[in-house]
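Next comes upload_18.cif, a file with mmCIF, C-alpha atoms.
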data_target
loop_
_atom_site.label_atom_id
_atom_site.label_comp_id
_atom_site.auth_asym_id
_atom_site.auth_seq_id
_atom_site.Cartn_x
_atom_site.Cartn_y
_atom_site.Cartn_z
CA MET E 118 -28.09 11.13 -28.18
CA ALA E 119 -26.21 10.70 -24.90
CA GLU E 120 -22.68 9.31 -24.72
CA LYS E 121 -21.99 6.84 -21.92
CA LYS E 122 -19.09 4.74 -20.67
CA GLN E 123 -19.32 1.33 -19.02
CA ALA E 124 -16.51 -0.76 -17.51
CA LEU E 125 -15.57 -4.36 -16.92
CA LEU E 126 -13.23 -4.70 -13.93
CA VAL E 127 -10.98 -7.66 -13.20
CA PHE E 128 -9.83 -7.47 -9.58
CA SER E 129 -6.62 -9.49 -9.38
CA LYS E 130 -3.13 -10.14 -8.04
CA PRO E 131 -0.17 -10.80 -10.35
CA PRO E 132 0.55 -14.54 -10.83
CA ILE E 133 3.50 -14.63 -8.43
CA PRO E 134 4.52 -18.06 -7.04
CA GLY E 135 3.65 -18.31 -3.36
CA MET E 136 1.18 -15.40 -3.58
CA VAL E 137 -1.71 -16.88 -5.60
CA LYS E 138 -3.80 -20.05 -5.35
CA THR E 139 -1.83 -21.21 -2.30
CA ARG E 140 -4.59 -23.62 -1.22
CA LEU E 141 -3.83 -25.64 -4.36
CA THR E 142 -0.25 -26.18 -3.20
CA VAL E 143 1.15 -29.20 -1.33
CA LYS E 144 1.95 -27.23 1.80
CA HIS E 145 -1.71 -26.24 2.14
CA GLY E 146 -3.29 -29.61 1.35
CA GLY E 147 -3.22 -29.42 -2.44
CA PHE E 148 -1.00 -31.14 -4.99
CA LEU E 149 0.78 -28.34 -6.87
CA THR E 150 4.05 -26.51 -6.33
CA ASP E 151 4.00 -22.74 -5.88
CA GLU E 152 5.18 -22.34 -9.47
CA GLN E 153 2.50 -24.68 -10.85
CA ALA E 154 -0.24 -22.90 -8.91
CA ALA E 155 0.96 -19.54 -10.24
CA GLU E 156 1.04 -20.89 -13.80
CA PHE E 157 -2.51 -22.18 -13.43
CA PHE E 158 -3.63 -18.75 -12.19
CA ARG E 159 -1.79 -16.95 -15.00
CA ARG E 160 -3.57 -19.05 -17.62
CA SER E 161 -6.91 -18.67 -15.85
CA LEU E 162 -6.42 -14.89 -15.73
CA TYR E 163 -5.71 -14.87 -19.47
CA ASP E 164 -8.80 -16.92 -20.28
CA VAL E 165 -11.09 -14.87 -18.03
CA CYS E 166 -9.83 -11.61 -19.52
CA GLU E 167 -10.15 -12.80 -23.10
CA ALA E 168 -13.70 -14.04 -22.51
CA SER E 169 -14.55 -10.72 -20.85
CA MET E 170 -13.13 -8.75 -23.76
CA HIS E 171 -15.10 -10.84 -26.25
CA ALA E 172 -18.26 -10.05 -24.30
CA LEU E 173 -17.46 -6.32 -24.34
CA ILE E 174 -16.70 -6.42 -28.07
CA GLU E 175 -20.08 -8.07 -28.71
CA LEU E 176 -21.81 -5.38 -26.66
CA GLN E 177 -19.87 -2.67 -28.50
CA ARG E 178 -20.80 -4.03 -31.92
CA ALA E 179 -24.46 -4.24 -30.93
CA ASN E 180 -24.45 -0.65 -29.71
CA ASP E 181 -22.59 0.59 -32.80
CA ALA E 182 -25.21 -1.06 -34.99
CA LEU E 183 -28.01 0.46 -32.91
CA VAL E 184 -26.55 3.97 -33.18
CA GLU E 185 -26.06 3.56 -36.92
CA ALA E 186 -29.70 2.54 -37.31
CA ASP E 187 -30.98 5.17 -34.88
CA PRO E 188 -28.74 8.25 -34.43
CA ALA E 189 -30.87 9.26 -31.42
CA ALA E 190 -29.86 6.14 -29.49
CA ASP E 191 -27.34 6.42 -26.65
CA LYS E 192 -23.75 5.80 -27.75
CA ILE E 193 -21.94 3.53 -25.27
CA THR E 194 -18.22 2.85 -24.99
CA TYR E 195 -17.16 -0.35 -23.19
CA ASP E 196 -13.73 -0.40 -21.52
CA PHE E 197 -11.66 -3.05 -19.77
CA PHE E 198 -9.87 -2.46 -16.44
CA VAL E 199 -7.51 -4.48 -14.27
CA SER E 200 -7.00 -3.43 -10.66
CA THR E 201 -4.21 -4.72 -8.42
CA THR E 202 -2.26 -3.73 -5.32
CA PRO E 203 0.24 -2.43 -4.24
CA ALA E 204 1.28 0.12 -6.87
CA LYS E 205 4.51 -1.74 -7.68
CA ASN E 206 2.44 -4.69 -8.89
CA VAL E 207 0.93 -2.67 -11.74
CA GLU E 208 4.12 -3.09 -13.73
CA LEU E 209 4.06 -6.82 -13.02
CA MET E 210 0.49 -6.99 -14.28
CA LYS E 211 1.45 -5.12 -17.44
CA GLU E 212 4.35 -7.51 -18.01
CA THR E 213 2.02 -10.46 -17.45
CA PHE E 214 -0.42 -9.30 -20.12
CA ASP E 215 2.25 -8.06 -22.54
CA ALA E 216 3.99 -11.43 -22.40
CA ILE E 217 1.55 -13.02 -24.85
CA GLY E 218 1.29 -10.14 -27.28
CA PRO E 219 -1.51 -7.73 -28.19
CA TRP E 220 -4.99 -8.09 -26.70
CA PRO E 221 -8.34 -7.50 -28.44
CA MET E 222 -8.92 -4.39 -26.30
CA GLU E 223 -6.85 -1.79 -24.51
CA ILE E 224 -6.19 -2.68 -20.88
CA HIS E 225 -6.52 0.12 -18.32
CA TYR E 226 -4.62 -0.47 -15.06
CA LEU E 227 -5.51 0.70 -11.55
CA THR E 228 -4.02 0.41 -8.08
CA ASP E 229 -6.58 -0.19 -5.34
CA ALA E 230 -5.94 0.66 -1.70
CA GLY E 231 -7.50 0.24 1.73
CA ALA E 232 -7.31 -1.53 5.09
CA THR E 233 -9.66 -4.40 4.13
CA PHE E 234 -10.76 -6.23 0.98
CA ASP E 235 -14.00 -4.23 1.17
CA ASP E 236 -12.00 -0.99 1.14
CA HIS E 237 -9.92 -2.14 -1.83
CA PHE E 238 -13.04 -3.10 -3.78
CA ASP E 239 -14.73 0.23 -2.99
CA ASP E 240 -11.60 2.15 -3.94
CA ALA E 241 -11.33 0.47 -7.35
CA PHE E 242 -15.02 1.09 -8.08
CA LYS E 243 -14.75 4.72 -6.96
CA GLN E 244 -11.76 5.39 -9.20
CA ILE E 245 -13.65 4.13 -12.23
CA PHE E 246 -16.89 5.91 -11.37
CA ASP E 247 -14.90 9.13 -10.87
CA LEU E 248 -13.78 8.78 -14.50
CA GLY E 249 -17.39 9.14 -15.57
CA TYR E 250 -18.40 5.50 -16.03
CA GLU E 251 -22.06 4.59 -15.62
CA HIS E 252 -21.86 0.87 -14.76
CA ILE E 253 -19.13 -1.45 -13.48
CA VAL E 254 -19.28 -5.23 -13.71
CA SER E 255 -16.47 -7.04 -11.89
CA VAL E 256 -15.22 -10.62 -12.16
CA GLY E 257 -12.29 -12.47 -10.62
CA GLY E 258 -9.33 -13.90 -12.49
CA ASP E 259 -9.78 -17.43 -11.09
CA ILE E 260 -13.08 -18.28 -12.79
CA PRO E 261 -12.21 -19.78 -16.19
CA THR E 262 -15.73 -21.14 -16.68
CA MET E 263 -17.33 -17.68 -16.48
CA PRO E 264 -19.86 -17.53 -19.37
CA LYS E 265 -19.65 -14.56 -21.72
CA SER E 266 -23.45 -14.37 -21.49
CA HIS E 267 -23.24 -13.56 -17.77
CA ILE E 268 -21.18 -10.47 -18.60
CA THR E 269 -23.31 -9.24 -21.49
CA GLN E 270 -26.53 -9.80 -19.56
CA ALA E 271 -25.12 -8.06 -16.49
CA PHE E 272 -24.63 -4.84 -18.47
CA GLN E 273 -28.03 -5.24 -20.12
CA TRP E 274 -29.77 -5.60 -16.77
CA LEU E 275 -27.97 -2.56 -15.37
CA ASP E 276 -29.10 -0.61 -18.46
CA TYR E 277 -32.65 -1.82 -17.89
CA PHE E 278 -32.72 -0.87 -14.21
CA GLN E 279 -31.27 2.55 -15.06
CA SER E 280 -33.93 3.09 -17.73
CA LEU E 281 -36.59 2.55 -15.06
CA GLY E 282 -35.00 5.20 -12.87
CA THR E 283 -34.09 2.60 -10.25
CA PRO E 284 -30.34 1.89 -10.51
CA GLY E 285 -29.70 -1.75 -9.75
CA PHE E 286 -27.33 -4.51 -8.76
CA VAL E 287 -26.26 -7.70 -10.55
CA GLN E 288 -24.58 -10.80 -9.18
CA ALA E 289 -23.68 -14.41 -9.87
CA PRO E 290 -22.84 -16.54 -6.82
CA CYS E 291 -19.79 -18.73 -6.49
CA GLN E 292 -19.88 -22.17 -4.83
CA GLU E 293 -19.17 -20.92 -1.30
CA CYS E 294 -21.88 -18.32 -0.63
CA GLY E 295 -19.80 -15.58 -2.21
CA THR E 296 -19.94 -14.00 -5.65
CA SER E 297 -18.17 -14.71 -8.94
CA LEU E 298 -19.63 -11.61 -10.63
CA VAL E 299 -20.89 -8.41 -9.07
CA GLY E 300 -21.87 -5.09 -10.59
CA PHE E 301 -23.80 -1.90 -10.04
CA SER E 302 -24.19 1.66 -11.33
CA TYR E 303 -22.61 4.91 -10.21
CA ASN E 304 -25.89 5.93 -8.58
CA THR E 305 -26.81 2.58 -7.03
CA PRO E 306 -26.96 3.24 -3.26
CA ILE E 307 -24.61 0.41 -2.29
CA ASN E 308 -20.97 -0.32 -1.49
CA HIS E 309 -18.89 -3.34 -0.45
CA GLN E 310 -18.51 -2.44 3.23
CA GLY E 311 -19.28 -5.34 5.58
CA VAL E 312 -19.53 -7.79 2.69
CA TYR E 313 -16.19 -9.60 2.57
CA TYR E 314 -14.86 -8.31 5.88
CA ASN E 315 -17.31 -8.86 8.71
CA LEU E 316 -16.96 -10.41 12.14
CA ASP E 317 -20.32 -12.19 12.40
CA GLY E 318 -19.75 -14.92 9.83
CA LYS E 319 -22.20 -13.52 7.31
CA PRO E 320 -21.61 -14.88 3.78
CA ALA E 321 -20.77 -12.27 1.15
CA LEU E 322 -23.81 -13.08 -0.99
CA ASP E 323 -26.14 -12.73 2.00
CA ALA E 324 -24.47 -9.44 2.95
CA TYR E 325 -25.08 -8.02 -0.53
CA MET E 326 -28.70 -9.19 -0.47
CA GLU E 327 -29.27 -7.56 2.92
CA LYS E 328 -27.96 -4.29 1.50
CA THR E 329 -30.11 -4.45 -1.63
CA GLU E 330 -33.22 -5.36 0.34
CA ALA E 331 -32.70 -2.59 2.91
CA ALA E 332 -32.24 0.04 0.18
CA ASN E 333 -34.93 -1.43 -2.12
CA ILE E 334 -32.37 -1.92 -4.92
CA PRO E 335 -33.56 -4.07 -7.84
CA THR E 336 -31.30 -7.06 -8.46
CA ALA E 337 -30.58 -9.54 -11.23
CA TYR E 338 -29.40 -13.08 -10.53
CA PHE E 339 -27.26 -15.29 -12.78
CA SER E 340 -26.47 -18.96 -12.30
CA PRO E 341 -23.56 -19.78 -9.97
CA VAL E 342 -20.02 -20.01 -11.38
CA ALA E 343 -17.34 -21.63 -9.24
CA ASP E 344 -14.03 -19.94 -8.56
CA ILE E 345 -11.01 -22.17 -7.94
CA ASP E 346 -9.41 -22.20 -4.51
CA GLU E 347 -9.28 -25.87 -3.45
CA LYS E 348 -8.31 -29.00 -5.39
CA THR E 349 -11.96 -30.09 -5.45
CA ASP E 350 -12.83 -26.74 -7.10
CA LEU E 351 -10.20 -27.44 -9.76
CA ALA E 352 -11.56 -30.93 -10.37
CA HIS E 353 -15.07 -29.53 -10.82
CA ALA E 354 -13.79 -26.83 -13.17
CA ILE E 355 -11.85 -29.33 -15.30
CA SER E 356 -14.97 -31.45 -15.84
CA CYS E 357 -16.95 -28.31 -16.71
CA MET E 358 -14.26 -27.02 -19.09
CA ASN E 359 -14.17 -30.33 -20.93
CA ALA E 360 -17.95 -30.20 -21.26
CA ILE E 361 -17.75 -26.58 -22.49
CA LYS E 362 -15.21 -27.58 -25.14
CA GLN E 363 -17.49 -30.31 -26.46
CA ALA E 364 -20.61 -28.15 -26.37
CA ALA E 365 -18.85 -25.24 -28.11
CA LYS E 366 -18.92 -27.26 -31.35
CA TYR E 367 -22.67 -26.64 -31.37
CA GLN E 368 -23.10 -23.59 -29.10
CA ASN E 369 -21.03 -20.97 -30.88
CA GLU E 370 -21.54 -18.42 -28.12
CA LEU E 371 -19.49 -20.43 -25.61
CA PHE E 372 -15.92 -19.40 -24.79
CA VAL E 373 -13.52 -22.30 -24.33
CA PRO E 374 -10.84 -21.64 -21.65
CA GLN E 375 -8.24 -23.32 -23.81
CA ARG E 376 -5.17 -22.01 -21.98
CA VAL E 377 -6.24 -23.67 -18.75
CA LEU E 378 -7.23 -26.87 -20.57
CA ASP E 379 -3.81 -26.97 -22.25
CA TRP E 380 -2.17 -26.62 -18.82
CA VAL E 381 -4.33 -29.47 -17.47
CA ASN E 382 -3.14 -31.68 -20.31
CA ILE E 383 0.50 -30.63 -19.90
CA MET E 384 0.28 -31.45 -16.20
CA GLY E 385 -1.41 -34.79 -16.92
CA ILE E 386 -4.20 -34.04 -14.47
CA ARG E 387 -7.13 -36.46 -14.57
CA VAL E 388 -10.31 -36.10 -12.56
CA SER E 389 -11.61 -39.15 -10.70
CA THR E 390 -14.02 -39.93 -7.90
CA PRO E 391 -14.07 -42.86 -5.47
CA PRO E 392 -16.39 -45.78 -6.24
CA ASN E 393 -19.92 -45.11 -5.04
CA ASP E 394 -21.08 -48.03 -2.87
CA GLU E 395 -24.03 -46.05 -1.59
CA HIS E 396 -26.04 -46.67 -4.74
CA ASP E 397 -29.80 -46.65 -4.88
CA PRO E 398 -30.93 -50.30 -4.57
CA ARG E 399 -33.06 -50.26 -7.72
CA GLN E 400 -33.93 -53.91 -7.55
CA TYR E 401 -36.27 -53.25 -4.63
CA ILE E 402 -38.01 -50.49 -6.57
CA ASP E 403 -38.25 -52.71 -9.64
CA GLU E 404 -39.88 -55.46 -7.59
#
How would this structure read if it were set down as structure tokens?
Amino acid sequence: MAEKKQALLVFSKPPIPGMVKTRLTVKHGGFLTDEQAAEFFRRSLYDVCEASMHALIELQRANDALVEADPAADKITYDFFVSTTPAKNVELMKETFDAIGPWPMEIHYLTDAGATFDDHFDDAFKQIFDLGYEHIVSVGGDIPTMPKSHITQAFQWLDYFQSLGTPGFVQAPCQECGTSLVGFSYNTPINHQGVYYNLDGKPALDAYMEKTEAANIPTAYFSPVADIDEKTDLAHAISCMNAIKQAAKYQNELFVPQRVLDWVNIMGIRVSTPPNDEHDPRQYIDE
């Protein structure tokens, strides 16, 4: 029996007014104040982290049951990390999470560093891999509709690729040619350089795919999940979250981002679209 460690990483800023979700604010074309945008992000961060922890707990229970049934099976420990920058913000992140009481899992905090977003991402991954972790799956704090199943399946696919001797890469796109989930193993020959910071206009998702194709890295794809930067993103997410809440009555595996939904109701936000005059003239088809 081998003992392994795997990590879920949330890469995030603290929910400071004027520092997060600024494109949702009035001064940048949105409709929220700095404080309202920060409160939205705080609640989204909470919901994303709780959903992620639930996914890790499910994976842990499944592995514990496997080891109990077969003592020769690999024993895996799943841990939860939050990375932020600069170092002084770590205490702010701790205060943010501590503010609502105990969490289902221990939270490990990191400070990431670098000259570009790519550097910061690489630094956070390296710190975790240097601690002996086999896989890292990373999600952002502004994706309250992230399915738990994306996270569990991401680790399962990385396990599968590793079992074949071909360490792999997993990703779920966002709505703007980027990624809402990304993960790989300690021995996957890939990094984040040239993905988010490049001067030729290459989308992040395309940059990752070029890297995986060039290095012949096996990949797994999950359905897109939108992050929330613009007011139209928020409108889309609200409709999806309402649908998730209804469906969760029948699909027990769904996680309802209730903190964000409560904020939507407190704010009195309603989603609407303009009348659609460009309808399909069905009468001509019927004739």
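Closest approach to Ala124 (chain E) from the set E:Ser169, E:Ser297, E:Gln375, E:Asn206 is made by E:Ser169, with distances taken over all atoms listed in the file.
Nearest-residue note for Arg160 (chain E): choosing from E:Gln273, E:Thr213, E:Thr142, E:Gln368, the minimum distance belongs to E:Thr213, counting all atoms listed in the file.
A straight line drawn from CA of Glu167 (chain E) to CA of Lys265 (chain E) is 9.8 Å long.
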Output check: residues returned by the PyMOL selection byres ((chain E and resi 264) around 10), as a PyMOL selection string
chain E and resi 165+168-169+172+260-263+265-269+340+342+361+370-373
Need to verify the contact set: Leu227 (chain E), 10 Å, only C-alpha atoms, exclusion of same-chain residues closer than 3 positions in sequence. Can you return it as an MDAnalysis selection string?
chainID E and resid 126 128 198:204 206:207 224 230 240:241 244:245
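The list of residues with at least one atom within 9 Å of Met136 (chain E), based on only C-alpha atoms and without residues fewer than 6 positions apart in the same chain, reads Lys130, Asp151 and Ala155 of chain E.
The nearest approach to Asp181 (chain E) among the residues E:Tyr367, E:Tyr195, E:Tyr303, E:Phe148, with all atoms listed in the file taken into account, belongs to E:Tyr195.
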